[in-house]
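Since the structure comes first, as structure tokens, the remarks are kept for the end.
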Amino acid sequence: MLEELLRAAAESGLEPDLDLRKREFRLRFEKGADPGKAPAVLYPLLAALEENFLVTVAGAPACLLPDAAEHFTWPLGARGPFRRAKACSACALKGRCPGVNKTWAGATGLLRPVLPCPAELVLELNKECNLACRACFGRSGEQLPLKTAETALREAAALGVKSVRFTGGEPLLHPGLEKLLRLSRKLGFYTLLNTNALLFSAAKARSLAGLIDNALVSLPGVDEAGHAAGSGKTGLFGAKLAAIKRLRSAGVKVVRAGTVVSGPLVKDFGRWHKAVKSLGFDLWELYRPMMSEEALAAAPEFRVSGSDFAELAKKLFPARRSGPGGKKAGTRTVLANPVPFCALPAAARPFSLGARFDDGWTRLVLDASGVYKPSYPSKVFLGRTLAGAWKHPFLKKIRSAAWLQAECRRCAMLPVCLGGSRFQAAAAGSVFGADPWMATAPGGVRVVRGFAPRTPKRWKPLRRVPPARRGPPIRKVFAKQNPGQPSAI
Ligand code: SF4
Ligand code: SF4
């Protein structure tokens with residue numbers, strides 16, 4: 001099957017290059033490649049490879065496959081002069097992509113803008129919870145009014161957003177959840193629910209499961225003692241396991257687990273992985289803690305370093321290896337929130353999702369107070385409409401990537417790594433500063449080059465990126481929208 005796909009890729013003018021040691025699979029568009037045939041070849045190839053390899057595509061703009069844009073390294077090593085295509089005006093990458101060169105001039109009809117609106121809307125329905133997890137970044141009585149949530153869903157549908165995620169707090173404590181799930185179904189969204197699962201009684205599972213495509217269950221421990229220590233409530237682990245089974249048997253197709261990484265997890269990863277595997281989750285997501293200094297002082301087990309993560313990352317690939325007969329030996333495990341790729345061993349990079357789901361790169365969160373923000377723990381508020389938030393000067397600047405460190409701007413990992421975490425950068429001084437874990441990269445920060453450039457005179461794209469800041473400075477916009485709020489911008 002893979003052989004056939006590679007043969008088809010070669011026939012369409014795509015040159016593959018595999019680095020097994022680094023688990024990198026690079027595809028490059030050769031001169032004379034057929035752009036019309038490429039998407040039909042690339043999609044199945046990416047699907048077959050991306051779970052185990054870091055796949056990069058060079059020599060074509062990301063708008064050739066807008067929903068797989070994170071694989072495209074354009075214009076790294078590509079040569080100008082560049083011109084704007086029709087798709088550029090609505091494209092989220094226009095601040096850091098110069099357009100198309102003459103190789104693509106005849107194919108602009110195939111190009112579609114990348115992320116003209118967010119890929120996902122996250123509705124934080126409340127900040128109330130039946131647990132008291134130590135890594136949680138905020139509980140209060142706040143609740144998103146049903147009407148505000150319904151308006152947000154309708155606006156998202158009109159903009160063309162594809163998926164909606166309901167989260168909290170614990171969203172099952174929101175009285176309007178079922179109504180909102182039904183509306184989400186009616187509007188045609190792929191619907192995700194983040195939950196601790198404990199409130200999924202048999203009746204709830206029956207009434208809600210058909211409205212949920214994908215559930216993410218928080219897993220602060222893998223036995224009673226660990227769950228009690230992580231969640232602040234004793235005696236609930238058995239009930240959680242039963243609820244997870246009910247979700248599955250009621251028909252939720254994808255059930256994932258999510259765990260915030262702690263020191264004990266790093267040390268005892270083998271035991272955790274074995275237990276998660278036995279619970280039959282489709283995916284186990286591990287999160288770098290995004291906690292304030294105050295929260296870390298109260299829960300010091302979450303004070304993990306870049307080298308702890310590098311140690312953890314080394315264990316991810318062996319945990320994923322195939323078992324006898326080629327069967328999957330373990331639940332696929334990924335680092336699901338921002339970690340600088342240069343702080344990770346190269347072979348672990350395919351198991352890191354990078355920053356694209358955070359910081360407003362591809363999705364936005366509606367806070368329980370009714371204001372949009374770039375990610376769950378962010379304190380940067382972007383206004384009350386989804387369209388306005390997506391065009392907010394703060395996000396325009398974020399997406400331009402012109403503020404990133406010079407190393408990041410030359411790095412082939414940029415489309416997926418995106419320079420690490422803005423939350424951690426803000427905690428270290430400025431949201432537009434360096435992720436502090438870049439400094440812990442083994443041997444110092446090294447630009448990841450991807451395909452070696454073929455000519456020493458290659459175009460240096462990032463020197464020509466136009467200045468991202470237009471209109472009033474972002475600090476002023478923030479201060480006007482959030483009077484009295486301290487800003488790390
Ligand atoms: S800015 Fe233009 S050329 Fe670049 S990815 Fe977007 S649509 Fe394509
Ligand atoms: S140099 Fe920047 S973009 Fe490259 S891996 Fe490091 S943090 Fe990520």
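Numbering starts fresh at 1 for the residues of each chain in the structure tokens, the chains themselves are lettered A, B, ... in the order given, and ligands are numbered from 1 as they appear.
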Write out as CSV a residue-level contact list of region 357-397 of chain A versus region 156-172 of chain A with cut-off 9 Å: for each qualifying residue the closest pair of atoms and the distance in Å to one decimal, counting only C-alpha atoms, rows sorted by chain and residue number upward.
residue,atom,partner,partner_atom,distance
A:Ala368,CA,A:Gly168,CA,8.1
A:Leu386,CA,A:Ala156,CA,7.0
A:Ala387,CA,A:Leu159,CA,7.5
Excluding region 4-10 of chain A and its own-chain neighbours fewer than 6 positions away, which residues fall within 9 Å of it when counting only C-alpha atoms? Please give them as a CSV table (one decimal) with C-alpha atoms, in the first residue's frame.
chain,number,residue,atom,x,y,z
A,16,PRO,CA,10.5,11.5,-1.3
A,27,LEU,CA,8.5,15.3,0.1
A,38,ALA,CA,-0.6,16.2,-6.1
A,41,VAL,CA,-1.5,11.6,-3.9
A,42,LEU,CA,-0.5,13.7,-0.8
A,44,PRO,CA,-3.4,9.4,1.5
A,45,LEU,CA,0.4,9.6,1.9
Sorted by chain and rising residue number, list the residues of chain A at most 7 Å from ligand 2 (counting only C-alpha atoms and all ligand atoms), each with its closest atom pair and distance in Å to one decimal, as a tab-separated table.
residue	atom	partner	partner_atom_place_in_ligand_line	distance
A:Pro340	CA	ligand 2	7 (S)	4.1
A:Phe341	CA	ligand 2	5 (S)	3.9
A:Cys342	CA	ligand 2	5 (S)	4.0
A:Ala343	CA	ligand 2	6 (Fe)	6.9
A:Gln405	CA	ligand 2	2 (Fe)	6.9
A:Glu407	CA	ligand 2	1 (S)	4.7
A:Cys408	CA	ligand 2	2 (Fe)	3.4
A:Arg409	CA	ligand 2	3 (S)	6.8
A:Cys411	CA	ligand 2	4 (Fe)	4.6
A:Ala412	CA	ligand 2	4 (Fe)	6.7
A:Met413	CA	ligand 2	4 (Fe)	5.0
A:Leu414	CA	ligand 2	3 (S)	4.0
A:Cys417	CA	ligand 2	8 (Fe)	4.6
A:Leu418	CA	ligand 2	3 (S)	5.2
A:Gly419	CA	ligand 2	7 (S)	3.8
A:Gly420	CA	ligand 2	7 (S)	5.3
A:Met438	CA	ligand 2	7 (S)	5.7
A:Val445	CA	ligand 2	1 (S)	6.0
A:Arg446	CA	ligand 2	1 (S)	6.1
A:Val447	CA	ligand 2	1 (S)	4.9
A:Val448	CA	ligand 2	4 (Fe)	5.9
Within 7 Å of ligand 1, counting only C-alpha atoms and all ligand atoms: which residues, as a PDB file with N, CA and C atoms, in the first residue's frame?
ATOM      1  N   PRO A  61       3.177  25.948  -2.079  1.00  0.00           N
ATOM      2  CA  PRO A  61       2.548  26.729  -1.012  1.00  0.00           C
ATOM      3  C   PRO A  61       1.510  25.902  -0.263  1.00  0.00           C
ATOM      4  N   ALA A  62       1.315  26.241   1.025  1.00  0.00           N
ATOM      5  CA  ALA A  62       0.413  25.470   1.886  1.00  0.00           C
ATOM      6  C   ALA A  62      -1.029  25.466   1.382  1.00  0.00           C
ATOM      7  N   CYS A  63      -1.389  26.483   0.591  1.00  0.00           N
ATOM      8  CA  CYS A  63      -2.776  26.582   0.142  1.00  0.00           C
ATOM      9  C   CYS A  63      -3.122  25.520  -0.907  1.00  0.00           C
ATOM     10  N   ARG A  84       1.254  37.716  -5.374  1.00  0.00           N
ATOM     11  CA  ARG A  84       0.046  37.327  -4.649  1.00  0.00           C
ATOM     12  C   ARG A  84      -0.937  36.604  -5.566  1.00  0.00           C
ATOM     13  N   ALA A  85      -1.578  35.548  -5.034  1.00  0.00           N
ATOM     14  CA  ALA A  85      -2.640  34.865  -5.786  1.00  0.00           C
ATOM     15  C   ALA A  85      -3.984  35.341  -5.228  1.00  0.00           C
ATOM     16  N   ALA A  87      -6.211  33.659  -3.752  1.00  0.00           N
ATOM     17  CA  ALA A  87      -6.484  33.054  -2.441  1.00  0.00           C
ATOM     18  C   ALA A  87      -5.796  33.797  -1.299  1.00  0.00           C
ATOM     19  N   CYS A  88      -4.743  34.558  -1.593  1.00  0.00           N
ATOM     20  CA  CYS A  88      -3.931  35.171  -0.524  1.00  0.00           C
ATOM     21  C   CYS A  88      -4.738  36.140   0.343  1.00  0.00           C
ATOM     22  N   CYS A  91      -6.210  34.485   3.318  1.00  0.00           N
ATOM     23  CA  CYS A  91      -5.383  33.406   3.888  1.00  0.00           C
ATOM     24  C   CYS A  91      -4.730  33.837   5.207  1.00  0.00           C
ATOM     25  N   ALA A  92      -4.809  32.954   6.213  1.00  0.00           N
ATOM     26  CA  ALA A  92      -4.221  33.265   7.521  1.00  0.00           C
ATOM     27  C   ALA A  92      -2.703  33.303   7.473  1.00  0.00           C
ATOM     28  N   LEU A  93      -2.096  32.753   6.417  1.00  0.00           N
ATOM     29  CA  LEU A  93      -0.639  32.718   6.354  1.00  0.00           C
ATOM     30  C   LEU A  93      -0.053  33.915   5.610  1.00  0.00           C
ATOM     31  N   LYS A  94      -0.919  34.821   5.160  1.00  0.00           N
ATOM     32  CA  LYS A  94      -0.390  35.856   4.246  1.00  0.00           C
ATOM     33  C   LYS A  94       0.665  36.749   4.914  1.00  0.00           C
ATOM     34  N   CYS A  97       3.809  34.432   4.388  1.00  0.00           N
ATOM     35  CA  CYS A  97       4.026  33.755   3.114  1.00  0.00           C
ATOM     36  C   CYS A  97       4.050  34.835   2.025  1.00  0.00           C
ATOM     37  N   PRO A  98       5.028  34.825   1.167  1.00  0.00           N
ATOM     38  CA  PRO A  98       5.144  35.901   0.180  1.00  0.00           C
ATOM     39  C   PRO A  98       4.221  35.746  -1.024  1.00  0.00           C
ATOM     40  N   GLY A  99       3.506  34.626  -1.143  1.00  0.00           N
ATOM     41  CA  GLY A  99       2.662  34.383  -2.314  1.00  0.00           C
ATOM     42  C   GLY A  99       3.218  33.226  -3.128  1.00  0.00           C
ATOM     43  N   VAL A 100       2.948  33.240  -4.433  1.00  0.00           N
ATOM     44  CA  VAL A 100       3.411  32.129  -5.284  1.00  0.00           C
ATOM     45  C   VAL A 100       4.508  32.619  -6.230  1.00  0.00           C
ATOM     46  N   LEU A 111      -5.525  26.736  -5.708  1.00  0.00           N
ATOM     47  CA  LEU A 111      -5.139  27.168  -4.364  1.00  0.00           C
ATOM     48  C   LEU A 111      -6.335  27.734  -3.605  1.00  0.00           C
ATOM     49  N   ARG A 112      -6.481  27.286  -2.350  1.00  0.00           N
ATOM     50  CA  ARG A 112      -7.560  27.798  -1.511  1.00  0.00           C
ATOM     51  C   ARG A 112      -6.948  28.392  -0.249  1.00  0.00           C
ATOM     52  N   PRO A 113      -7.503  29.507   0.270  1.00  0.00           N
ATOM     53  CA  PRO A 113      -6.867  30.145   1.420  1.00  0.00           C
ATOM     54  C   PRO A 113      -6.789  29.207   2.625  1.00  0.00           C
ATOM     55  N   VAL A 114      -5.738  29.336   3.398  1.00  0.00           N
ATOM     56  CA  VAL A 114      -5.575  28.550   4.620  1.00  0.00           C
ATOM     57  C   VAL A 114      -6.298  29.295   5.749  1.00  0.00           C
TER      58      VAL A 114
END
For this session: Using backbone DSSP assignments, extract all alpha helix (DSSP H) residues from region 180-320 of chain A; output them as an MDAnalysis selection string.
Result: chainID A and resid 180:186 202:208 224:231 237:250 263:267 269:278 293:298 306:320
Problem set entry | Contacts of Glu285 (chain A) at 7 Å (only C-alpha atoms; same-chain gap of 3+ positions) as a list in words | Ala257, Gly258, Thr259, Thr333, Val334, Leu335 and Ala336 of chain A
Problem set entry | Residue with smallest distance to Val55 (chain A) - pool A:Pro377, A:Pro415, A:Pro350, A:Gly383, counting only C-alpha atoms |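 Looking at the shortest contact to Val55 (chain A), the residue is A:Pro350.
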Exercise. Using only C-alpha atoms, which of the listed residues (A:Ala310, A:Leu344, A:Leu404, A:Leu366) sits closest to Lys22 (chain A)?
Worked result: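 So, comparing all the options, the nearest one is A:Leu344.
One finds CA of Asp367 (chain A) at 23.1 Å from CA of Arg256 (chain A).
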Problem set entry | Shell around Gly176 (chain A) at 12 Å using only C-alpha atoms, local window under 3 positions removed, as a PyMOL selection string | chain A and resi 125-126+143-150+166+171-173+179-183
Could you take the residues named above and write them with N, CA and C atoms, as a PDB file, in the first residue's frame?
ATOM      1  N   LEU A 125     -18.084  26.400  28.599  1.00  0.00           N
ATOM      2  CA  LEU A 125     -19.455  26.595  29.065  1.00  0.00           C
ATOM      3  C   LEU A 125     -19.532  27.094  30.496  1.00  0.00           C
ATOM      4  N   ASN A 126     -18.570  26.696  31.317  1.00  0.00           N
ATOM      5  CA  ASN A 126     -18.592  27.138  32.727  1.00  0.00           C
ATOM      6  C   ASN A 126     -17.195  26.993  33.323  1.00  0.00           C
ATOM      7  N   GLN A 143     -20.651  31.064  34.333  1.00  0.00           N
ATOM      8  CA  GLN A 143     -21.325  30.175  33.381  1.00  0.00           C
ATOM      9  C   GLN A 143     -21.668  30.958  32.112  1.00  0.00           C
ATOM     10  N   LEU A 144     -21.391  30.353  30.958  1.00  0.00           N
ATOM     11  CA  LEU A 144     -21.690  31.026  29.688  1.00  0.00           C
ATOM     12  C   LEU A 144     -23.206  31.009  29.471  1.00  0.00           C
ATOM     13  N   PRO A 145     -23.858  32.182  29.291  1.00  0.00           N
ATOM     14  CA  PRO A 145     -25.305  32.168  29.073  1.00  0.00           C
ATOM     15  C   PRO A 145     -25.652  31.364  27.813  1.00  0.00           C
ATOM     16  N   LEU A 146     -26.763  30.624  27.896  1.00  0.00           N
ATOM     17  CA  LEU A 146     -27.180  29.758  26.788  1.00  0.00           C
ATOM     18  C   LEU A 146     -27.299  30.560  25.486  1.00  0.00           C
ATOM     19  N   LYS A 147     -27.884  31.744  25.610  1.00  0.00           N
ATOM     20  CA  LYS A 147     -28.102  32.570  24.410  1.00  0.00           C
ATOM     21  C   LYS A 147     -26.773  32.952  23.747  1.00  0.00           C
ATOM     22  N   THR A 148     -25.800  33.306  24.572  1.00  0.00           N
ATOM     23  CA  THR A 148     -24.479  33.694  24.025  1.00  0.00           C
ATOM     24  C   THR A 148     -23.862  32.504  23.290  1.00  0.00           C
ATOM     25  N   ALA A 149     -24.006  31.311  23.909  1.00  0.00           N
ATOM     26  CA  ALA A 149     -23.431  30.111  23.285  1.00  0.00           C
ATOM     27  C   ALA A 149     -24.129  29.808  21.958  1.00  0.00           C
ATOM     28  N   GLU A 150     -25.450  29.958  21.933  1.00  0.00           N
ATOM     29  CA  GLU A 150     -26.193  29.685  20.687  1.00  0.00           C
ATOM     30  C   GLU A 150     -25.793  30.670  19.588  1.00  0.00           C
ATOM     31  N   PHE A 166     -17.049  21.519  23.285  1.00  0.00           N
ATOM     32  CA  PHE A 166     -17.647  22.031  24.515  1.00  0.00           C
ATOM     33  C   PHE A 166     -16.742  21.627  25.671  1.00  0.00           C
ATOM     34  N   PRO A 171     -18.496  20.542  31.560  1.00  0.00           N
ATOM     35  CA  PRO A 171     -19.646  21.010  30.766  1.00  0.00           C
ATOM     36  C   PRO A 171     -20.954  20.299  31.094  1.00  0.00           C
ATOM     37  N   LEU A 172     -20.877  19.079  31.677  1.00  0.00           N
ATOM     38  CA  LEU A 172     -22.135  18.409  32.005  1.00  0.00           C
ATOM     39  C   LEU A 172     -22.887  19.112  33.141  1.00  0.00           C
ATOM     40  N   LEU A 173     -22.228  20.045  33.825  1.00  0.00           N
ATOM     41  CA  LEU A 173     -22.925  20.808  34.869  1.00  0.00           C
ATOM     42  C   LEU A 173     -23.672  22.016  34.277  1.00  0.00           C
ATOM     43  N   LYS A 179     -29.145  20.989  24.829  1.00  0.00           N
ATOM     44  CA  LYS A 179     -29.696  21.882  23.801  1.00  0.00           C
ATOM     45  C   LYS A 179     -28.583  22.331  22.833  1.00  0.00           C
ATOM     46  N   LEU A 180     -27.430  22.657  23.423  1.00  0.00           N
ATOM     47  CA  LEU A 180     -26.313  23.137  22.587  1.00  0.00           C
ATOM     48  C   LEU A 180     -25.757  22.019  21.713  1.00  0.00           C
ATOM     49  N   LEU A 181     -25.682  20.804  22.274  1.00  0.00           N
ATOM     50  CA  LEU A 181     -25.197  19.678  21.466  1.00  0.00           C
ATOM     51  C   LEU A 181     -26.138  19.428  20.297  1.00  0.00           C
ATOM     52  N   ARG A 182     -27.430  19.555  20.553  1.00  0.00           N
ATOM     53  CA  ARG A 182     -28.406  19.341  19.466  1.00  0.00           C
ATOM     54  C   ARG A 182     -28.243  20.415  18.387  1.00  0.00           C
ATOM     55  N   LEU A 183     -28.047  21.668  18.836  1.00  0.00           N
ATOM     56  CA  LEU A 183     -27.870  22.747  17.859  1.00  0.00           C
ATOM     57  C   LEU A 183     -26.590  22.512  17.049  1.00  0.00           C
TER      58      LEU A 183
END
For this session: Considering only C-alpha atoms, return as JSON, numbers by chain whatever protein or nucleic-acid residues lie within 7 Å of region 352-364 of chain A, sequence-local ones (same chain, fewer than 3 positions apart) excluded.
Result: {"A": [118, 119, 120, 121, 122, 334, 335, 336, 337, 338, 339, 349, 372, 373, 374, 375, 395, 399, 416, 417, 418, 420, 421, 422]}
For this session: Considering only C-alpha atoms, state which residue in the set A:Gly109, A:Ala402, A:Lys391, A:Ser378 is at the smallest distance from Ala90 (chain A).
Result: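 Selected residue with least distance to Ala90 (chain A): A:Lys391.
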For this session: Can you pull out every residue within 9 Å of region 218-233 of chain A, counting only C-alpha atoms, but drop anything in the same chain fewer than 6 positions away, and send it as a PyMOL selection string?
Result: chain A and resi 130-135+194-197+256-260+271-272+275-276
For this session: Output as number ranges by chain all residues of region 344-440 of chain A that backbone DSSP marks as strand (DSSP E).
Result: A: 363-366, 372-373
Selection export as a short mmCIF file (atom, residue, chain, number, x, y, z; two decimals), in the first residue's frame, atoms kept: C-alpha atoms:
data_model
loop_
_atom_site.label_atom_id
_atom_site.label_comp_id
_atom_site.auth_asym_id
_atom_site.auth_seq_id
_atom_site.Cartn_x
_atom_site.Cartn_y
_atom_site.Cartn_z
CA ARG A 363 -8.86 27.86 16.88
CA LEU A 364 -10.43 30.30 19.34
CA VAL A 365 -11.94 29.86 22.79
CA LEU A 366 -15.09 31.62 23.96
CA TYR A 372 -13.05 35.37 22.90
CA LYS A 373 -9.45 34.49 23.76
#
For this session: For CA of Tyr376 (chain A) and CA of Pro289 (chain A), quote the distance in Å rounded to one decimal.
Result: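 Result for CA of Tyr376 (chain A) versus CA of Pro289 (chain A): 12.0 Å, one decimal.
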